[in-house]
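**Q** Quick one, work09.cif (mmCIF, C-alpha atoms):
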data_target
loop_
_atom_site.label_atom_id
_atom_site.label_comp_id
_atom_site.auth_asym_id
_atom_site.auth_seq_id
_atom_site.Cartn_x
_atom_site.Cartn_y
_atom_site.Cartn_z
CA MET S 1 20.00 -27.75 -16.64
CA GLY S 2 16.56 -26.31 -15.81
CA ALA S 3 14.42 -24.33 -18.19
CA ARG S 4 15.25 -20.66 -18.51
CA ARG S 5 13.08 -18.46 -16.32
CA PRO S 6 10.84 -16.06 -18.27
CA ALA S 7 11.78 -12.43 -17.70
CA MET S 8 9.33 -10.15 -15.94
CA ALA S 9 9.66 -6.41 -15.28
CA TYR S 10 7.86 -4.58 -12.51
CA VAL S 11 7.39 -0.97 -13.62
CA VAL S 12 6.88 1.62 -10.84
CA ASN S 13 7.26 5.36 -10.36
CA SER S 14 10.04 4.92 -7.80
CA LEU S 15 11.05 2.80 -4.81
CA ASN S 16 10.67 5.47 -2.15
CA PRO S 17 9.01 4.15 1.05
CA GLY S 18 5.32 3.41 0.68
CA GLY S 19 2.84 0.56 0.71
CA THR S 20 2.94 -0.05 -3.04
CA GLU S 21 6.72 0.01 -3.06
CA ARG S 22 6.94 -2.43 -0.14
CA LEU S 23 4.70 -4.85 -2.03
CA VAL S 24 6.88 -4.53 -5.15
CA ILE S 25 9.92 -5.47 -3.10
CA GLU S 26 8.25 -8.43 -1.42
CA MET S 27 6.70 -9.70 -4.66
CA SER S 28 10.03 -9.37 -6.50
CA CYS S 29 11.68 -11.59 -3.93
CA ALA S 30 8.78 -14.06 -3.83
CA PHE S 31 8.88 -14.60 -7.60
CA GLN S 32 12.66 -14.50 -7.97
CA SER S 33 12.93 -18.25 -8.33
CA THR S 34 10.15 -18.41 -10.95
CA PHE S 35 10.96 -15.35 -13.07
CA ASP S 36 14.01 -13.40 -14.09
CA ILE S 37 12.78 -10.34 -12.17
CA SER S 38 13.85 -6.74 -12.65
CA VAL S 39 12.33 -3.45 -11.51
CA VAL S 40 12.05 -0.37 -13.73
CA CYS S 41 11.63 2.99 -11.95
CA LEU S 42 10.27 5.78 -14.11
CA ASP S 43 11.25 8.77 -11.98
CA ARG S 44 14.07 7.90 -9.56
CA PRO S 45 15.42 4.75 -7.92
CA GLY S 46 14.25 5.69 -4.42
CA LEU S 47 15.42 4.82 -0.94
CA TRP S 48 14.53 1.14 -1.16
CA SER S 49 16.27 0.40 -4.46
CA GLY S 50 19.44 -0.57 -2.62
CA GLU S 51 17.53 -3.13 -0.59
CA LEU S 52 16.31 -4.85 -3.74
CA ARG S 53 19.73 -4.84 -5.34
CA LYS S 54 21.17 -6.48 -2.21
CA ARG S 55 18.62 -9.24 -2.70
CA GLY S 56 19.84 -9.77 -6.26
CA VAL S 57 17.04 -7.97 -8.12
CA PRO S 58 18.27 -5.44 -10.73
CA VAL S 59 16.78 -1.94 -10.52
CA HIS S 60 16.89 0.27 -13.60
CA CYS S 61 15.89 3.95 -13.60
CA MET S 62 14.53 5.80 -16.64
CA TRP S 63 14.74 9.34 -15.14
CA ARG S 64 11.44 10.56 -16.56
CA GLN S 65 11.24 14.24 -17.46
CA PRO S 66 8.34 16.50 -16.36
CA GLY S 67 5.20 16.43 -18.46
CA LEU S 68 4.61 13.90 -21.22
CA ASP S 69 8.01 12.27 -21.75
CA VAL S 70 7.63 10.52 -25.12
CA GLY S 71 11.16 9.16 -24.83
CA MET S 72 10.00 6.90 -21.99
CA ILE S 73 8.01 4.83 -24.47
CA TRP S 74 11.13 4.02 -26.50
CA LYS S 75 13.23 3.41 -23.38
CA ILE S 76 10.79 0.88 -21.95
CA ALA S 77 10.40 -0.86 -25.31
CA GLN S 78 14.17 -1.15 -25.73
CA TYR S 79 14.69 -2.31 -22.14
CA CYS S 80 12.13 -5.07 -22.59
CA ARG S 81 13.64 -6.08 -25.92
CA ASP S 82 17.16 -6.26 -24.47
CA ARG S 83 16.04 -8.43 -21.53
CA ASP S 84 13.51 -10.43 -23.57
CA VAL S 85 10.80 -9.45 -21.07
CA ARG S 86 7.73 -11.67 -21.35
CA VAL S 87 5.53 -9.95 -18.73
CA ILE S 88 5.34 -6.29 -17.75
CA HIS S 89 3.60 -5.77 -14.41
CA ALA S 90 2.81 -2.04 -14.23
CA HIS S 91 2.04 -0.76 -10.75
CA GLN S 92 -0.36 2.19 -11.00
CA CYS S 93 -1.62 4.15 -13.97
CA THR S 94 1.36 6.26 -15.04
CA PRO S 95 3.66 3.23 -15.44
CA TRP S 96 0.77 1.48 -17.20
CA PHE S 97 0.36 4.34 -19.68
CA TYR S 98 4.02 4.32 -20.73
CA ALA S 99 4.32 0.53 -20.67
CA GLY S 100 1.17 0.22 -22.78
CA LEU S 101 2.45 2.58 -25.44
CA SER S 102 5.82 0.79 -25.44
CA ARG S 103 4.01 -2.29 -26.78
CA MET S 104 3.38 -0.40 -30.02
CA ILE S 105 7.14 -0.65 -30.57
CA ASN S 106 7.84 -3.98 -28.89
CA GLY S 107 4.69 -6.08 -28.77
CA ARG S 108 6.25 -9.23 -27.30
CA PRO S 109 5.65 -8.60 -23.57
CA ARG S 110 2.26 -9.27 -22.03
CA LEU S 111 1.02 -6.33 -19.97
CA LEU S 112 -0.70 -6.31 -16.58
CA LEU S 113 -1.95 -3.21 -14.78
CA GLU S 114 -2.26 -3.39 -11.02
CA GLU S 115 -3.93 -0.32 -9.53
CA HIS S 116 -3.17 0.28 -5.86
CA GLY S 117 -4.84 3.60 -5.12
CA ARG S 118 -6.41 6.69 -6.61
CA PHE S 119 -5.98 10.44 -6.34
CA PHE S 120 -8.25 12.42 -4.06
CA PRO S 121 -10.42 14.00 -5.15
CA GLU S 122 -10.99 12.09 -8.37
CA ILE S 123 -11.13 14.33 -11.43
CA ARG S 124 -12.63 13.04 -14.65
CA ASN S 125 -10.35 13.40 -17.66
CA ARG S 126 -12.36 12.70 -20.79
CA ALA S 127 -9.33 12.83 -23.07
CA ARG S 128 -7.51 10.20 -20.99
CA GLU S 129 -10.59 7.97 -20.95
CA LEU S 130 -10.82 8.23 -24.73
CA VAL S 131 -7.14 7.32 -25.20
CA ASN S 132 -7.55 4.40 -22.81
CA ARG S 133 -10.64 3.06 -24.59
CA ALA S 134 -9.20 3.52 -28.06
CA LEU S 135 -5.64 2.38 -27.43
CA ILE S 136 -4.16 1.60 -24.00
CA ASN S 137 -6.86 -0.89 -22.97
CA ARG S 138 -6.33 -2.79 -26.22
CA LEU S 139 -2.60 -3.00 -25.55
CA THR S 140 -3.21 -4.47 -22.08
CA HIS S 141 -3.82 -8.14 -21.40
CA SER S 142 -4.93 -8.12 -17.76
CA PHE S 143 -6.18 -5.68 -15.12
CA VAL S 144 -6.05 -6.08 -11.34
CA ALA S 145 -7.51 -3.82 -8.66
CA VAL S 146 -6.57 -4.22 -4.99
CA SER S 147 -10.15 -3.63 -3.82
CA GLN S 148 -13.68 -3.54 -5.18
CA ASP S 149 -13.65 0.22 -4.69
CA ILE S 150 -10.54 0.59 -6.85
CA LYS S 151 -12.18 -1.59 -9.50
CA SER S 152 -15.20 0.71 -9.62
CA ARG S 153 -12.92 3.73 -10.01
CA LEU S 154 -10.99 2.13 -12.86
CA VAL S 155 -14.29 1.63 -14.63
CA ALA S 156 -15.54 5.16 -13.91
CA PHE S 157 -12.37 7.16 -14.46
CA GLU S 158 -10.17 5.08 -16.76
CA GLY S 159 -12.78 3.61 -19.09
CA ILE S 160 -11.83 -0.02 -18.40
CA PRO S 161 -14.65 -2.58 -18.84
CA PRO S 162 -15.53 -4.16 -15.46
CA SER S 163 -15.49 -7.64 -16.97
CA ARG S 164 -11.75 -7.29 -17.60
CA ILE S 165 -10.79 -6.32 -14.03
CA ALA S 166 -9.99 -8.90 -11.37
CA VAL S 167 -9.78 -8.00 -7.68
CA VAL S 168 -6.75 -9.31 -5.82
CA TYR S 169 -6.44 -7.99 -2.29
CA ASN S 170 -3.03 -7.10 -0.96
CA GLY S 171 -1.41 -9.48 1.46
CA VAL S 172 1.35 -9.09 4.03
CA ARG S 173 3.46 -11.29 6.22
CA ALA S 174 2.66 -10.97 9.90
CA ALA S 175 5.58 -9.48 11.82
CA PRO S 176 7.19 -11.56 14.57
CA ALA S 177 5.27 -10.87 17.75
CA LEU S 178 7.07 -8.81 20.39
CA ALA S 179 7.39 -10.42 23.79
CA GLY S 180 5.81 -8.47 26.63
CA HIS S 181 9.13 -7.17 27.93
CA GLU S 182 10.22 -6.22 24.39
CA ARG S 183 7.06 -4.21 23.84
CA ALA S 184 7.39 -2.50 27.21
CA GLY S 185 11.04 -1.67 26.53
CA LEU S 186 10.30 -0.22 23.10
CA ARG S 187 7.45 1.88 24.48
CA ALA S 188 9.76 3.18 27.18
CA GLN S 189 12.37 4.10 24.57
CA LEU S 190 9.69 6.12 22.79
CA GLY S 191 8.98 7.99 26.03
CA PHE S 192 5.63 6.41 26.89
CA ALA S 193 4.60 5.65 30.46
CA PRO S 194 3.52 2.07 31.22
CA ASP S 195 -0.12 3.14 31.50
CA SER S 196 -0.17 5.43 28.45
CA PHE S 197 -2.95 4.81 25.95
CA VAL S 198 -1.00 4.98 22.69
CA VAL S 199 -2.91 5.90 19.53
CA GLY S 200 -0.94 5.82 16.32
CA THR S 201 -0.64 5.31 12.61
CA VAL S 202 1.97 4.38 9.99
CA GLY S 203 2.27 5.78 6.50
CA ARG S 204 3.48 8.48 4.19
CA PHE S 205 2.86 12.00 5.46
CA ASP S 206 0.81 13.05 2.45
CA SER S 207 -2.34 15.16 2.21
CA ILE S 208 -4.38 12.14 1.10
CA LYS S 209 -3.74 10.51 4.50
CA ASN S 210 -5.56 13.37 6.30
CA LEU S 211 -3.26 13.33 9.31
CA PRO S 212 -4.49 16.77 10.48
CA LEU S 213 -7.79 15.07 11.32
CA LEU S 214 -6.00 12.57 13.55
CA VAL S 215 -4.11 15.36 15.33
CA ARG S 216 -7.36 17.24 16.02
CA CYS S 217 -8.93 14.05 17.38
CA LEU S 218 -5.93 13.41 19.63
CA ALA S 219 -6.34 16.92 21.03
CA ASN S 220 -10.04 16.25 21.70
CA VAL S 221 -9.40 12.92 23.42
CA LYS S 222 -6.50 14.31 25.45
CA ARG S 223 -8.94 16.61 27.26
CA GLU S 224 -10.77 13.54 28.63
CA ASN S 225 -7.81 11.19 28.92
CA PRO S 226 -4.64 12.87 30.21
CA GLY S 227 -2.80 9.58 29.72
CA LEU S 228 -3.25 9.71 25.96
CA ALA S 229 -0.10 9.42 23.83
CA GLY S 230 0.43 9.40 20.09
CA LEU S 231 2.83 7.60 17.76
CA LEU S 232 3.00 8.79 14.15
CA VAL S 233 5.43 6.74 12.05
CA GLY S 234 6.50 7.90 8.61
CA ASP S 235 7.80 10.79 6.56
CA GLY S 236 6.71 12.84 3.60
CA PRO S 237 5.78 16.31 2.35
CA GLU S 238 3.33 17.00 5.20
CA PHE S 239 5.78 16.19 8.01
CA ALA S 240 6.60 19.80 8.93
CA THR S 241 2.92 20.77 8.77
CA ILE S 242 1.97 18.02 11.21
CA GLU S 243 4.85 18.95 13.49
CA MET S 244 3.59 22.55 13.64
CA GLN S 245 0.01 21.42 14.20
CA LEU S 246 1.07 19.25 17.14
CA ALA S 247 2.83 22.24 18.67
CA SER S 248 -0.21 24.48 18.20
CA CYS S 249 -2.41 21.86 19.88
CA SER S 250 0.06 21.46 22.80
CA LEU S 251 0.63 17.82 21.85
CA SER S 252 4.35 17.89 21.09
CA ASP S 253 5.25 16.41 24.48
CA CYS S 254 2.95 13.40 24.19
CA VAL S 255 2.94 12.58 20.46
CA ARG S 256 6.06 11.04 18.94
CA LEU S 257 6.99 11.75 15.31
CA THR S 258 9.50 9.06 14.42
CA GLY S 259 10.10 9.83 10.75
CA PHE S 260 10.78 6.87 8.49
CA ARG S 261 11.54 3.74 10.51
CA ALA S 262 12.65 0.42 9.09
CA ASP S 263 11.13 -1.24 12.18
CA ALA S 264 7.67 0.23 11.61
CA ARG S 265 6.02 -3.18 11.94
CA ALA S 266 7.44 -3.53 15.45
CA LEU S 267 6.34 -0.01 16.35
CA VAL S 268 2.76 -0.87 15.37
CA GLN S 269 2.79 -3.40 18.19
CA CYS S 270 3.53 -0.59 20.64
CA MET S 271 0.14 0.97 19.87
CA ASP S 272 -3.04 0.35 21.82
CA LEU S 273 -5.08 1.61 18.87
CA PHE S 274 -4.22 2.04 15.18
CA VAL S 275 -6.05 4.81 13.31
CA LEU S 276 -6.24 5.31 9.54
CA PRO S 277 -7.84 8.74 8.85
CA SER S 278 -7.27 8.78 5.07
CA PHE S 279 -9.40 10.50 2.45
CA SER S 280 -8.76 7.56 0.10
CA GLU S 281 -7.19 4.09 0.31
CA GLY S 282 -6.82 1.00 -1.83
CA THR S 283 -5.93 -1.91 0.44
CA SER S 284 -3.71 -0.33 3.08
CA VAL S 285 -0.61 -2.37 3.85
CA ALA S 286 -0.20 -0.58 7.19
CA LEU S 287 -3.78 -1.45 8.13
CA LEU S 288 -3.24 -5.10 7.25
CA GLU S 289 -0.08 -5.15 9.38
CA ALA S 290 -1.98 -3.71 12.33
CA MET S 291 -4.72 -6.34 11.94
CA ALA S 292 -2.09 -9.07 11.67
CA ALA S 293 -0.43 -7.82 14.86
CA GLY S 294 -3.68 -7.93 16.82
CA VAL S 295 -3.90 -4.16 17.26
CA PRO S 296 -7.48 -2.78 17.25
CA VAL S 297 -8.24 -0.33 14.45
CA VAL S 298 -10.28 2.75 13.61
CA VAL S 299 -10.61 3.57 9.90
CA THR S 300 -12.49 5.99 7.71
CA SER S 301 -15.20 4.62 5.44
CA VAL S 302 -13.27 5.24 2.23
CA GLY S 303 -11.78 3.14 -0.54
CA GLY S 304 -11.06 -0.43 0.43
CA ASN S 305 -11.17 0.20 4.20
CA PRO S 306 -14.75 -1.08 4.69
CA GLU S 307 -13.83 -4.19 2.70
CA LEU S 308 -11.19 -4.97 5.31
CA VAL S 309 -12.83 -3.71 8.50
CA SER S 310 -16.44 -4.43 9.47
CA ASP S 311 -17.82 -1.77 11.79
CA GLY S 312 -18.70 -3.18 15.18
CA VAL S 313 -17.12 -6.55 14.35
CA THR S 314 -13.43 -6.11 13.48
CA GLY S 315 -13.01 -2.45 14.39
CA TRP S 316 -14.53 0.99 14.17
CA VAL S 317 -15.45 2.48 10.76
CA VAL S 318 -16.29 6.20 10.79
CA PRO S 319 -17.31 8.66 8.05
CA SER S 320 -14.52 10.42 6.18
CA ASN S 321 -13.19 13.62 7.73
CA GLU S 322 -15.72 13.52 10.60
CA GLU S 323 -13.81 14.78 13.62
CA ALA S 324 -16.58 14.11 16.16
CA ALA S 325 -17.12 10.53 14.97
CA MET S 326 -13.43 9.65 14.98
CA SER S 327 -12.87 11.26 18.38
CA ALA S 328 -15.82 9.28 19.75
CA ALA S 329 -14.41 6.02 18.35
CA ILE S 330 -11.01 6.65 19.96
CA LEU S 331 -12.71 7.44 23.28
CA ALA S 332 -14.83 4.29 23.02
CA ALA S 333 -11.72 2.21 22.41
CA TRP S 334 -9.96 3.74 25.43
CA ARG S 335 -12.94 3.22 27.74
CA ASP S 336 -13.61 -0.42 26.82
CA PRO S 337 -10.48 -2.63 26.82
CA LYS S 338 -12.59 -5.80 26.45
CA LEU S 339 -14.21 -4.47 23.30
CA ARG S 340 -10.79 -3.49 21.93
CA ASP S 341 -9.55 -7.01 22.52
CA ALA S 342 -12.61 -8.58 20.91
CA TYR S 343 -12.29 -6.43 17.81
CA ALA S 344 -8.57 -7.12 17.61
CA ARG S 345 -9.07 -10.88 17.76
CA ALA S 346 -11.75 -10.76 15.10
CA ALA S 347 -9.57 -8.58 12.86
CA ARG S 348 -6.65 -10.95 13.28
CA GLN S 349 -8.88 -13.85 12.20
CA ARG S 350 -10.11 -11.83 9.23
CA PHE S 351 -6.49 -11.24 8.23
CA VAL S 352 -5.62 -14.94 8.45
CA GLU S 353 -8.62 -15.89 6.34
CA SER S 354 -8.21 -13.34 3.55
CA PHE S 355 -5.05 -11.25 3.56
CA GLU S 356 -2.01 -13.40 4.17
CA PHE S 357 0.94 -12.85 1.86
CA ASP S 358 1.08 -16.39 0.48
CA ALA S 359 -2.56 -16.20 -0.63
CA MET S 360 -1.84 -13.02 -2.59
CA ILE S 361 1.21 -14.62 -4.21
CA ALA S 362 -0.84 -17.65 -5.24
CA ASN S 363 -3.37 -15.37 -6.90
CA TYR S 364 -0.68 -13.58 -8.89
CA GLN S 365 0.88 -16.90 -9.82
CA GLU S 366 -2.36 -17.69 -11.62
CA VAL S 367 -2.51 -14.26 -13.25
CA TYR S 368 1.04 -14.56 -14.55
CA ALA S 369 0.46 -18.08 -15.83
CA SER S 370 -2.58 -16.92 -17.76
CA LEU S 371 -0.44 -14.27 -19.49
CA LEU S 372 2.15 -16.71 -20.77
CA ASP S 373 1.90 -19.30 -23.48
CA SER S 374 1.24 -22.96 -22.78
CA ALA S 375 4.90 -23.88 -23.16
CA VAL S 376 5.81 -21.86 -20.09
CA ARG S 377 2.85 -22.71 -17.90
CA PRO S 378 4.04 -26.18 -16.75
CA ALA S 379 7.14 -24.63 -15.21
CA LEU S 380 5.03 -22.05 -13.41
CA ALA S 381 2.58 -24.62 -12.16
CA GLY S 382 5.49 -26.50 -10.66
#
How does the structure come out when it is put into structure tokens?

**A**
Amino acid sequence: MGARRPAMAYVVNSLNPGGTERLVIEMSCAFQSTFDISVVCLDRPGLWSGELRKRGVPVHCMWRQPGLDVGMIWKIAQYCRDRDVRVIHAHQCTPWFYAGLSRMINGRPRLLLEEHGRFFPEIRNRARELVNRALINRLTHSFVAVSQDIKSRLVAFEGIPPSRIAVVYNGVRAAPALAGHERAGLRAQLGFAPDSFVVGTVGRFDSIKNLPLLVRCLANVKRENPGLAGLLVGDGPEFATIEMQLASCSLSDCVRLTGFRADARALVQCMDLFVLPSFSEGTSVALLEAMAAGVPVVVTSVGGNPELVSDGVTGWVVPSNEEAAMSAAILAAWRDPKLRDAYARAARQRFVESFEFDAMIANYQEVYASLLDSAVRPALAG
């Protein structure tokens, strides 16, 4: 009989569709043979909780109440005691806060914070910084940021010493490539003509993604390129707003709003250009998937985007919220297919070198091993 797997709990806000949540699912499955994995949702299980349960990973919901829910601290402590959790991997700062305080009750688990993204705009909270410096940081064993930009923000806004923060970039698995006839058929199903120049994006329809900027740019480009089409994949609180904006810009007939799609990675391959207009990003999973698929990209110069995309080498990088610059980049991509292809090939190579899923998993394998005692490490190394 093999050694018992150490228990590890991923703590998240919920498992509703999003880049962070997709990574939690994929990491849970990747480490299932090494750890006794479970996922704790603070707020609600979310749409993807059923997917994890089907894969044999338990999902437990705490049903957090609005405001400061002190009861969460006891619930997490008791949950970790009942399952003999050895490692708590908190994804983002709210789960980290509650998981950190839970260690005052049950100090056995080792605690890791992984920060995926930040609010926009950032607002300094001196009281939170003080609590972090005096207490939460001392209850935490390891810190990971998904980009250098996120690391700098953890230092500036959370009071975490830079020497304690490692940077581990997100990684994704490249989707199976669509054959030419499959791509053409899927584009036809979406209502695109064979010669349409399809500009699109994938992600949560949230204000931080700045989708109104993309819609305005599509309207600008449409005046010069009547064959322009748009493909916006995702759902969220801004969906109705974007739908109304498309109508007001007379784009409803040429821009497809798909809502949430489980086949989003295939839909990315239907695009001729992927655009990420966000106000803030960590390491965008959707962007990595576009790079992996060989789709040329335009991104704003925010967050981790410039760490992934080099302007004029692997894509176009434009200033945040600059309509003229983004419109010009989209027009440049349309007018120069050879340049699009060159950027796409370079971005694909950049992905292979730095952002493949297995490389990310290997990095976390080391992080987890460092959190556990020497008696457990040989099993992990194996």

**Q** Would you kindly return, as a PDB file with C-alpha atoms, in the frame of the given file, each protein, DNA or RNA residue with an atom no farther than 8 Å from any atom of stretch 230-240 of chain S, considering all atoms listed in the file and excluding same-chain residues fewer than 4 positions away?

**A**
ATOM      1  CA  VAL S 198      -1.000   4.980  22.690  1.00  0.00           C
ATOM      2  CA  VAL S 199      -2.910   5.900  19.530  1.00  0.00           C
ATOM      3  CA  GLY S 200      -0.940   5.820  16.320  1.00  0.00           C
ATOM      4  CA  THR S 201      -0.640   5.310  12.610  1.00  0.00           C
ATOM      5  CA  VAL S 202       1.970   4.380   9.990  1.00  0.00           C
ATOM      6  CA  GLY S 203       2.270   5.780   6.500  1.00  0.00           C
ATOM      7  CA  ARG S 204       3.480   8.480   4.190  1.00  0.00           C
ATOM      8  CA  PHE S 205       2.860  12.000   5.460  1.00  0.00           C
ATOM      9  CA  ASP S 206       0.810  13.050   2.450  1.00  0.00           C
ATOM     10  CA  SER S 207      -2.340  15.160   2.210  1.00  0.00           C
ATOM     11  CA  LEU S 218      -5.930  13.410  19.630  1.00  0.00           C
ATOM     12  CA  MET S 244       3.590  22.550  13.640  1.00  0.00           C
ATOM     13  CA  CYS S 254       2.950  13.400  24.190  1.00  0.00           C
ATOM     14  CA  VAL S 255       2.940  12.580  20.460  1.00  0.00           C
ATOM     15  CA  ARG S 256       6.060  11.040  18.940  1.00  0.00           C
ATOM     16  CA  LEU S 257       6.990  11.750  15.310  1.00  0.00           C
ATOM     17  CA  THR S 258       9.500   9.060  14.420  1.00  0.00           C
ATOM     18  CA  GLY S 259      10.100   9.830  10.750  1.00  0.00           C
ATOM     19  CA  PHE S 260      10.780   6.870   8.490  1.00  0.00           C
ATOM     20  CA  ARG S 261      11.540   3.740  10.510  1.00  0.00           C
ATOM     21  CA  ALA S 264       7.670   0.230  11.610  1.00  0.00           C
ATOM     22  CA  MET S 271       0.140   0.970  19.870  1.00  0.00           C
TER      23      MET S 271
END

**Q** Just say which residues the PyMOL selection byres ((chain S and resi 270) around 10) picks in this file, as an NGL selection string.

**A** :S and (178 or 182-188 or 190 or 192 or 197-200 or 231 or 264-269 or 271-274 or 295)

**Q** In Å, how far is it from atom CA of S:Cys217 to atom CA of S:Trp316?

**A**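 Computing the Euclidean distance for atom CA of S:Cys217 and atom CA of S:Trp316 yields 14.6 Å.
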
**Q** Given the file shown, enumerate the residues that the PyMOL selection byres ((chain S and resi 340) around 10) captures and present them as a ChimeraX atom specification.

**A** /S:272-273,294-297,314-316,332-339,341-345

**Q** Set the distance at 9 Å and use all atoms listed in the file: which residues neighbour S:Asp358 once local chain neighbours fewer than 2 positions away are removed? I'd like the list as a PyMOL selection string.

**A** chain S and resi 171-173+355-356+360-363

**Q** Do you know which residues are at most 7 Å from stretch 103-109 of chain S counting all atoms listed in the file, after dropping those on the same chain fewer than 6 positions away, and could you put them as a PyMOL selection string?

**A** chain S and resi 77+81+85-88+139
